[in-house]
file entry-v8.tsv (TSV, C-alpha atoms)
chain	number	residue	atom	x	y	z
C	172	MET	CA	57.54	-5.54	50.48
C	173	ASP	CA	54.03	-5.83	49.03
C	174	ILE	CA	53.85	-2.56	47.15
C	175	GLN	CA	50.35	-3.14	45.81
C	176	ALA	CA	48.99	-3.81	49.29
C	177	ASN	CA	50.82	-0.75	50.62
C	178	ILE	CA	49.30	1.48	47.93
C	179	LYS	CA	45.82	0.25	48.76
C	180	ALA	CA	46.41	0.73	52.50
C	181	VAL	CA	47.52	4.36	52.07
C	182	LEU	CA	44.67	5.14	49.67
C	183	SER	CA	42.17	3.73	52.15
C	184	GLU	CA	43.29	6.40	54.63
C	185	LEU	CA	42.87	9.33	52.25
C	186	PRO	CA	39.52	11.12	52.11
C	187	GLU	CA	37.93	12.18	48.87
C	188	GLY	CA	39.75	15.16	47.42
C	189	VAL	CA	43.21	14.14	48.63
C	190	ARG	CA	45.49	12.66	45.97
C	191	LEU	CA	48.46	10.39	46.55
C	192	VAL	CA	51.85	11.20	45.04
C	193	ALA	CA	53.83	7.95	45.28
C	194	VAL	CA	57.42	9.07	45.90
C	195	SER	CA	59.40	6.74	43.69
C	196	LYS	CA	62.77	8.50	43.73
C	197	PHE	CA	65.71	6.11	44.12
C	198	HIS	CA	63.44	3.11	43.51
C	199	PRO	CA	63.69	0.94	40.36
C	200	ASN	CA	61.20	0.71	37.52
C	201	GLU	CA	59.94	-2.62	38.85
C	202	ALA	CA	58.70	-0.94	42.03
C	203	ILE	CA	56.90	1.75	40.04
C	204	GLU	CA	55.35	-0.89	37.80
C	205	ALA	CA	54.02	-2.72	40.86
C	206	ALA	CA	52.38	0.47	42.14
C	207	TYR	CA	51.09	1.19	38.64
C	208	SER	CA	49.48	-2.26	38.55
C	209	ALA	CA	47.60	-1.32	41.72
C	210	GLY	CA	46.13	1.68	39.91
C	211	GLN	CA	48.55	4.40	41.03
C	212	ARG	CA	49.26	6.98	38.33
C	213	ILE	CA	50.92	9.94	40.11
C	214	PHE	CA	54.60	9.49	40.95
C	215	GLY	CA	57.06	11.93	42.52
C	216	GLU	CA	60.73	12.25	41.59
C	217	SER	CA	63.46	14.66	42.70
C	218	LYS	CA	66.43	14.02	40.37
C	219	VAL	CA	66.14	15.23	36.79
C	220	GLN	CA	68.35	12.57	35.19
C	221	GLU	CA	66.67	9.71	37.05
C	222	LEU	CA	63.23	11.06	36.21
C	223	THR	CA	64.07	11.46	32.53
C	224	GLU	CA	65.26	7.86	32.29
C	225	LYS	CA	62.11	6.58	34.00
C	226	GLN	CA	59.81	8.75	31.92
C	227	LEU	CA	61.24	7.29	28.72
C	228	SER	CA	60.83	3.67	29.80
C	229	LEU	CA	57.60	3.59	31.82
C	230	PRO	CA	53.92	3.88	30.76
C	231	LYS	CA	53.03	7.16	29.09
C	232	ASP	CA	49.90	7.78	31.18
C	233	ILE	CA	51.96	8.24	34.34
C	234	GLU	CA	51.59	11.74	35.78
C	235	TRP	CA	55.10	12.77	36.86
C	236	HIS	CA	55.46	15.33	39.66
C	237	PHE	CA	58.83	16.92	40.37
C	238	ILE	CA	59.06	17.24	44.15
C	239	GLY	CA	62.70	18.09	44.83
C	240	HIS	CA	64.81	21.23	44.72
C	241	LEU	CA	64.98	22.17	41.03
C	242	GLN	CA	67.96	24.01	39.57
C	243	THR	CA	67.15	26.51	36.83
C	244	ASN	CA	69.61	24.90	34.39
C	245	LYS	CA	67.72	21.58	34.64
C	246	VAL	CA	64.25	22.93	33.94
C	247	LYS	CA	64.47	22.47	30.17
C	248	TYR	CA	64.84	18.70	30.50
C	249	ILE	CA	61.52	18.12	32.26
C	250	VAL	CA	59.13	20.75	30.84
C	251	PRO	CA	58.11	18.63	27.83
C	252	TYR	CA	56.33	16.09	30.03
C	253	ILE	CA	56.17	17.14	33.71
C	254	ALA	CA	52.64	17.29	35.16
C	255	MET	CA	53.42	19.46	38.19
C	256	ILE	CA	56.44	21.09	39.86
C	257	HIS	CA	55.96	21.15	43.65
C	258	ALA	CA	58.94	23.11	44.90
C	259	VAL	CA	59.12	26.53	43.25
C	260	ASP	CA	61.12	28.50	45.80
C	261	SER	CA	62.00	31.69	43.89
C	262	TYR	CA	60.61	34.03	41.25
C	263	ARG	CA	63.73	33.29	39.19
C	264	LEU	CA	62.82	29.60	39.01
C	265	LEU	CA	59.20	30.35	38.16
C	266	ALA	CA	60.31	32.64	35.33
C	267	GLU	CA	62.68	30.01	33.95
C	268	ILE	CA	59.95	27.35	34.00
C	269	ASN	CA	57.78	29.80	32.09
C	270	ARG	CA	60.53	30.50	29.56
C	271	GLN	CA	61.24	26.85	28.86
C	272	ALA	CA	57.55	25.88	28.83
C	273	ALA	CA	56.87	28.52	26.18
C	274	LYS	CA	59.37	26.78	23.89
C	275	VAL	CA	57.29	23.59	23.97
C	276	ASN	CA	53.92	25.37	24.05
C	277	ARG	CA	52.90	24.05	27.47
C	278	VAL	CA	51.49	25.57	30.65
C	279	ILE	CA	53.17	23.96	33.68
C	280	PRO	CA	51.24	23.69	36.97
C	281	CYS	CA	53.50	24.89	39.81
C	282	LEU	CA	53.30	25.05	43.59
C	283	LEU	CA	55.03	27.70	45.68
C	284	GLU	CA	57.24	26.03	48.29
C	285	ILE	CA	56.80	27.69	51.68
C	286	HIS	CA	59.32	27.27	54.50
C	287	ILE	CA	57.21	26.12	57.45
C	288	ALA	CA	59.73	23.96	59.36
C	289	ALA	CA	61.97	24.90	62.26
C	290	GLU	CA	64.99	23.56	60.34
C	291	GLU	CA	66.94	26.16	58.41
C	292	SER	CA	68.21	23.53	55.97
C	293	LYS	CA	64.88	23.25	54.16
C	294	TYR	CA	64.16	25.33	51.06
C	295	GLY	CA	61.20	27.58	50.36
C	296	PHE	CA	59.86	31.11	50.47
C	297	THR	CA	59.35	32.68	53.86
C	298	PHE	CA	55.77	33.86	54.29
C	299	ASP	CA	56.88	37.49	53.87
C	300	ASP	CA	59.02	36.79	50.80
C	301	CYS	CA	56.15	34.97	49.14
C	302	ARG	CA	53.77	37.83	49.91
C	303	ALA	CA	56.28	40.32	48.49
C	304	MET	CA	56.76	38.32	45.29
C	305	LEU	CA	53.04	38.06	44.67
C	306	ARG	CA	52.43	41.70	45.60
C	307	GLU	CA	55.11	42.87	43.13
C	308	GLY	CA	53.08	41.23	40.38
C	309	SER	CA	55.53	40.24	37.65
C	310	TRP	CA	54.36	36.62	37.97
C	311	ARG	CA	51.05	37.61	36.39
C	312	GLU	CA	52.85	38.10	33.06
C	313	LEU	CA	54.09	34.50	33.01
C	314	LYS	CA	51.59	32.82	30.69
C	315	ASN	CA	53.23	29.38	30.53
C	316	VAL	CA	53.06	28.59	34.23
C	317	SER	CA	50.01	28.18	36.40
C	318	VAL	CA	50.42	28.82	40.13
C	319	CYS	CA	48.15	26.11	41.52
C	320	GLY	CA	48.83	26.25	45.25
C	321	VAL	CA	51.47	25.77	47.91
C	322	MET	CA	53.79	23.06	49.19
C	323	GLY	CA	55.54	22.66	52.52
C	324	MET	CA	57.61	20.23	54.56
C	325	ALA	CA	57.12	20.07	58.31
C	326	THR	CA	59.92	19.77	60.84
C	327	ASN	CA	61.37	16.27	61.08
C	328	THR	CA	60.30	15.59	64.65
C	329	ASP	CA	58.19	13.14	66.64
C	330	ASN	CA	56.33	16.10	68.16
C	331	GLU	CA	52.97	15.68	66.45
C	332	GLU	CA	51.60	18.87	67.99
C	333	GLN	CA	54.37	20.92	66.36
C	334	VAL	CA	53.96	19.18	63.00
C	335	GLY	CA	50.20	19.65	63.08
C	336	LYS	CA	50.58	23.37	63.85
C	337	GLU	CA	53.03	23.79	60.95
C	338	PHE	CA	50.57	22.14	58.56
C	339	GLU	CA	47.74	24.29	59.90
C	340	THR	CA	49.90	27.39	59.34
C	341	LEU	CA	50.42	26.41	55.71
C	342	HIS	CA	46.70	25.80	55.26
C	343	ARG	CA	45.91	29.26	56.64
C	344	PHE	CA	48.53	30.83	54.38
C	345	PHE	CA	46.99	29.08	51.38
C	346	GLY	CA	43.67	30.65	52.35
C	347	GLU	CA	45.29	34.08	52.61
C	348	LEU	CA	46.87	33.79	49.16
C	349	LYS	CA	43.64	32.46	47.66
C	350	ASN	CA	41.72	35.42	49.04
C	351	ASP	CA	44.32	38.06	48.14
C	352	TYR	CA	45.58	36.91	44.73
C	353	PHE	CA	43.69	33.90	43.34
C	354	LEU	CA	40.06	34.38	44.32
C	355	ASP	CA	38.87	34.08	40.72
C	356	ASP	CA	41.37	31.39	39.69
C	357	ASP	CA	39.95	27.88	40.06
C	358	ARG	CA	43.39	26.40	39.35
C	359	PHE	CA	44.73	27.64	42.71
C	360	LYS	CA	43.48	24.76	44.82
C	361	GLU	CA	46.40	22.52	45.88
C	362	ILE	CA	48.11	22.14	49.25
C	363	SER	CA	50.93	19.61	49.01
C	364	MET	CA	52.03	18.54	52.49
C	365	GLY	CA	52.56	15.33	54.40
C	366	MET	CA	54.97	12.43	53.89
C	367	SER	CA	55.14	8.82	55.06
C	368	HIS	CA	55.60	9.65	58.74
C	369	ASP	CA	53.16	12.55	59.05
C	370	TYR	CA	50.58	12.46	56.26
C	371	PRO	CA	47.63	11.71	58.61
C	372	LEU	CA	48.36	15.05	60.29
C	373	ALA	CA	48.48	16.75	56.89
C	374	VAL	CA	45.13	15.23	55.94
C	375	LYS	CA	43.65	16.51	59.18
C	376	ALA	CA	45.02	19.99	58.41
C	377	GLY	CA	43.43	20.10	54.95
C	378	CYS	CA	45.99	18.99	52.36
C	379	THR	CA	45.01	18.00	48.81
C	380	LEU	CA	48.23	16.13	47.92
C	381	VAL	CA	50.37	13.84	50.09
C	382	ARG	CA	53.86	12.66	49.09
C	383	VAL	CA	54.34	9.12	50.41
C	384	GLY	CA	57.42	7.06	49.66
C	385	SER	CA	58.85	4.68	52.26
C	386	LYS	CA	55.42	3.53	53.48
C	387	ILE	CA	54.80	2.28	49.94
C	388	PHE	CA	58.19	1.27	48.59
C	389	GLY	CA	60.22	0.65	51.74
C	390	GLU	CA	63.43	2.49	52.53
C	391	ARG	CA	65.19	4.11	49.60
C	392	ASN	CA	68.10	2.54	47.75
C	393	TYR	CA	70.55	5.45	47.88

call {"tool": "encode", "arguments": {"input": "entry-v8.tsv", "output": "structure tokens"}}
result
Amino acid sequence: MDIQANIKAVLSELPEGVRLVAVSKFHPNEAIEAAYSAGQRIFGESKVQELTEKQLSLPKDIEWHFIGHLQTNKVKYIVPYIAMIHAVDSYRLLAEINRQAAKVNRVIPCLLEIHIAAEESKYGFTFDDCRAMLREGSWRELKNVSVCGVMGMATNTDNEEQVGKEFETLHRFFGELKNDYFLDDDRFKEISMGMSHDYPLAVKAGCTLVRVGSKIFGERNY
């Protein structure tokens, strides 16, 4: 597995304005170091303990993104250093990130996870629940989080037409939220969608962040 060549191959497919999150969860430090040597600086992790161990032992200029389902009782462990939290799926979680971030005097960039897939097992706000949360307005009082955009995971299917439509739906919803709630907020600009098997479709639909793991690092070591 030539990780450096894989990084360069994926980057060559991304247009300007789309950033690569190298999904390094379940992969050892050596794999991350190889990607780092190729110039990659943004890495995605989904387990708090694993991320904390890596953050302590790897270069300090790495930009760590938390991309998995985050439990409220684990937030305090990552707020001192996390660069972005992709999967905020409830107001309760957003408020807890704010509370813990205030303790360390940080503002944490967060993405609202939207349920766009046909599978019920995936997390995320429904479109209506997200609208209701933003309409209610309490989030505006949270000064230690910055809502920077949306994140979604498409259905795990070979049907590219379905996946493309799900990504397009998320892109339209981003536009709706931007217009209704974030028109004057330049920080609200991110659409995180697309993984190893479908990121070209996400790029076509207008993403700004792709989360690519196995195409870079090979299959995970569970």

call {"tool": "closest_atom_pairs", "arguments": {"input": "entry-v8.tsv", "of": "range 248-363 of chain C", "to": "range 217-233 of chain C", "cutoff": "12 Å", "atoms": "only C-alpha atoms", "output": "Markdown table"}}
result
| residue | atom | partner | partner_atom | distance |
| --- | --- | --- | --- | --- |
| C:Tyr248 | CA | C:Val219 | CA | 7.3 |
| C:Ile249 | CA | C:Val219 | CA | 7.1 |
| C:Val250 | CA | C:Thr223 | CA | 10.7 |
| C:Pro251 | CA | C:Thr223 | CA | 10.4 |
| C:Tyr252 | CA | C:Gln226 | CA | 8.3 |
| C:Ile253 | CA | C:Gln226 | CA | 9.3 |
| C:Ala254 | CA | C:Ile233 | CA | 9.1 |
| C:Met255 | CA | C:Ile233 | CA | 12.0 |
| C:Ile256 | CA | C:Ser217 | CA | 9.9 |
| C:His257 | CA | C:Ser217 | CA | 10.0 |
| C:Ala258 | CA | C:Ser217 | CA | 9.8 |

call {"tool": "atom_distance", "arguments": {"input": "entry-v8.tsv", "atom1": "CA of His236 in chain C", "atom2": "CA of Val192 in chain C"}}
result
7.7 Å

call {"tool": "atom_distance", "arguments": {"input": "entry-v8.tsv", "atom1": "CA of Ile287 in chain C", "atom2": "CA of Val259 in chain C"}}
result
14.3 Å

call {"tool": "atom_distance", "arguments": {"input": "entry-v8.tsv", "atom1": "CA of Met366 in chain C", "atom2": "CA of Arg382 in chain C"}}
result
4.9 Å

call {"tool": "residues_around", "arguments": {"input": "entry-v8.tsv", "residues": "range 266-268 of chain C", "least_positions_apart": "6", "cutoff": "8 Å", "atoms": "only C-alpha atoms", "output": "list in words"}}
result
Thr243, Val246, Lys247, Val250, Ile279, Trp310, Leu313, Asn315 and Val316 of chain C

call {"tool": "write_last_selection", "arguments": {"input": "entry-v8.tsv", "atoms": "C-alpha atoms", "output": "PDB file, keeping the file's coordinate frame"}}
result
ATOM      1  CA  THR C 243      67.150  26.510  36.830  1.00  0.00           C
ATOM      2  CA  VAL C 246      64.250  22.930  33.940  1.00  0.00           C
ATOM      3  CA  LYS C 247      64.470  22.470  30.170  1.00  0.00           C
ATOM      4  CA  VAL C 250      59.130  20.750  30.840  1.00  0.00           C
ATOM      5  CA  ILE C 279      53.170  23.960  33.680  1.00  0.00           C
ATOM      6  CA  TRP C 310      54.360  36.620  37.970  1.00  0.00           C
ATOM      7  CA  LEU C 313      54.090  34.500  33.010  1.00  0.00           C
ATOM      8  CA  ASN C 315      53.230  29.380  30.530  1.00  0.00           C
ATOM      9  CA  VAL C 316      53.060  28.590  34.230  1.00  0.00           C
TER      10      VAL C 316
END

call {"tool": "residues_around", "arguments": {"input": "entry-v8.tsv", "residues": "range 347-362 of chain C", "least_positions_apart": "4", "cutoff": "12 Å", "atoms": "all atoms listed in the file", "output": "CSV table (one decimal) with C-alpha atoms, in the coordinates of the input"}}
result
chain,number,residue,atom,x,y,z
C,188,GLY,CA,39.8,15.2,47.4
C,189,VAL,CA,43.2,14.1,48.6
C,190,ARG,CA,45.5,12.7,46.0
C,255,MET,CA,53.4,19.5,38.2
C,256,ILE,CA,56.4,21.1,39.9
C,257,HIS,CA,56.0,21.2,43.6
C,258,ALA,CA,58.9,23.1,44.9
C,278,VAL,CA,51.5,25.6,30.6
C,279,ILE,CA,53.2,24.0,33.7
C,280,PRO,CA,51.2,23.7,37.0
C,281,CYS,CA,53.5,24.9,39.8
C,282,LEU,CA,53.3,25.0,43.6
C,283,LEU,CA,55.0,27.7,45.7
C,284,GLU,CA,57.2,26.0,48.3
C,285,ILE,CA,56.8,27.7,51.7
C,298,PHE,CA,55.8,33.9,54.3
C,299,ASP,CA,56.9,37.5,53.9
C,301,CYS,CA,56.2,35.0,49.1
C,302,ARG,CA,53.8,37.8,49.9
C,303,ALA,CA,56.3,40.3,48.5
C,304,MET,CA,56.8,38.3,45.3
C,305,LEU,CA,53.0,38.1,44.7
C,306,ARG,CA,52.4,41.7,45.6
C,307,GLU,CA,55.1,42.9,43.1
C,308,GLY,CA,53.1,41.2,40.4
C,310,TRP,CA,54.4,36.6,38.0
C,311,ARG,CA,51.0,37.6,36.4
C,316,VAL,CA,53.1,28.6,34.2
C,317,SER,CA,50.0,28.2,36.4
C,318,VAL,CA,50.4,28.8,40.1
C,319,CYS,CA,48.2,26.1,41.5
C,320,GLY,CA,48.8,26.2,45.2
C,321,VAL,CA,51.5,25.8,47.9
C,322,MET,CA,53.8,23.1,49.2
C,323,GLY,CA,55.5,22.7,52.5
C,324,MET,CA,57.6,20.2,54.6
C,338,PHE,CA,50.6,22.1,58.6
C,339,GLU,CA,47.7,24.3,59.9
C,340,THR,CA,49.9,27.4,59.3
C,341,LEU,CA,50.4,26.4,55.7
C,342,HIS,CA,46.7,25.8,55.3
C,343,ARG,CA,45.9,29.3,56.6
C,373,ALA,CA,48.5,16.8,56.9
C,374,VAL,CA,45.1,15.2,55.9
C,376,ALA,CA,45.0,20.0,58.4
C,377,GLY,CA,43.4,20.1,55.0
C,378,CYS,CA,46.0,19.0,52.4
C,379,THR,CA,45.0,18.0,48.8
C,380,LEU,CA,48.2,16.1,47.9
C,381,VAL,CA,50.4,13.8,50.1
C,382,ARG,CA,53.9,12.7,49.1

call {"tool": "residues_near_point", "arguments": {"input": "entry-v8.tsv", "point": "(45.2, 4.0, 39.2)", "cutoff": "12 Å", "atoms": "all atoms listed in the file", "output": "list in words"}}
result
Gln175, Ile178, Lys179, Leu182, Arg190, Leu191, Val192, Ala193, Ile203, Glu204, Ala205, Ala206, Tyr207, Ser208, Ala209, Gly210, Gln211, Arg212, Ile213, Phe214, Asp232, Ile233 and Glu234 of chain C

call {"tool": "write_last_selection", "arguments": {"input": "entry-v8.tsv", "atoms": "C-alpha atoms", "output": "compact mmCIF listing (two decimals), keeping the file's coordinate frame"}}
result
# COMPACT_ATOMS: atom_id res chain seq x y z
CA GLN C 175 50.35 -3.14 45.81
CA ILE C 178 49.30 1.48 47.93
CA LYS C 179 45.82 0.25 48.76
CA LEU C 182 44.67 5.14 49.67
CA ARG C 190 45.49 12.66 45.97
CA LEU C 191 48.46 10.39 46.55
CA VAL C 192 51.85 11.20 45.04
CA ALA C 193 53.83 7.95 45.28
CA ILE C 203 56.90 1.75 40.04
CA GLU C 204 55.35 -0.89 37.80
CA ALA C 205 54.02 -2.72 40.86
CA ALA C 206 52.38 0.47 42.14
CA TYR C 207 51.09 1.19 38.64
CA SER C 208 49.48 -2.26 38.55
CA ALA C 209 47.60 -1.32 41.72
CA GLY C 210 46.13 1.68 39.91
CA GLN C 211 48.55 4.40 41.03
CA ARG C 212 49.26 6.98 38.33
CA ILE C 213 50.92 9.94 40.11
CA PHE C 214 54.60 9.49 40.95
CA ASP C 232 49.90 7.78 31.18
CA ILE C 233 51.96 8.24 34.34
CA GLU C 234 51.59 11.74 35.78

call {"tool": "closest_residue", "arguments": {"input": "entry-v8.tsv", "among": "C:Ala202, C:Gly365, C:Asn276, C:Asp260", "to": "Asp173 in chain C", "atoms": "all atoms listed in the file"}}
result
C:Ala202

call {"tool": "axis_aligned_box", "arguments": {"input": "entry-v8.tsv", "around": "range 186-203 of chain C", "padding_each_side": "4 Å", "output": "AutoDock Vina command-line options"}}
result
--center_x 51.8 --center_y 6.3 --center_z 44.8 --size_x 35.8 --size_y 25.8 --size_z 22.6

call {"tool": "closest_residue", "arguments": {"input": "entry-v8.tsv", "among": "C:Val275, C:Val334, C:Ala325, C:Met172", "to": "Tyr294 in chain C", "atoms": "all atoms listed in the file"}}
result
C:Ala325

call {"tool": "closest_residue", "arguments": {"input": "entry-v8.tsv", "among": "C:Gln333, C:Asn269, C:Thr297, C:Ser367", "to": "Val383 in chain C", "atoms": "only C-alpha atoms"}}
result
C:Ser367

call {"tool": "closest_residue", "arguments": {"input": "entry-v8.tsv", "among": "C:Ala273, C:Leu264, C:Leu185, C:Leu372", "to": "Leu241 in chain C", "atoms": "only C-alpha atoms"}}
result
C:Leu264
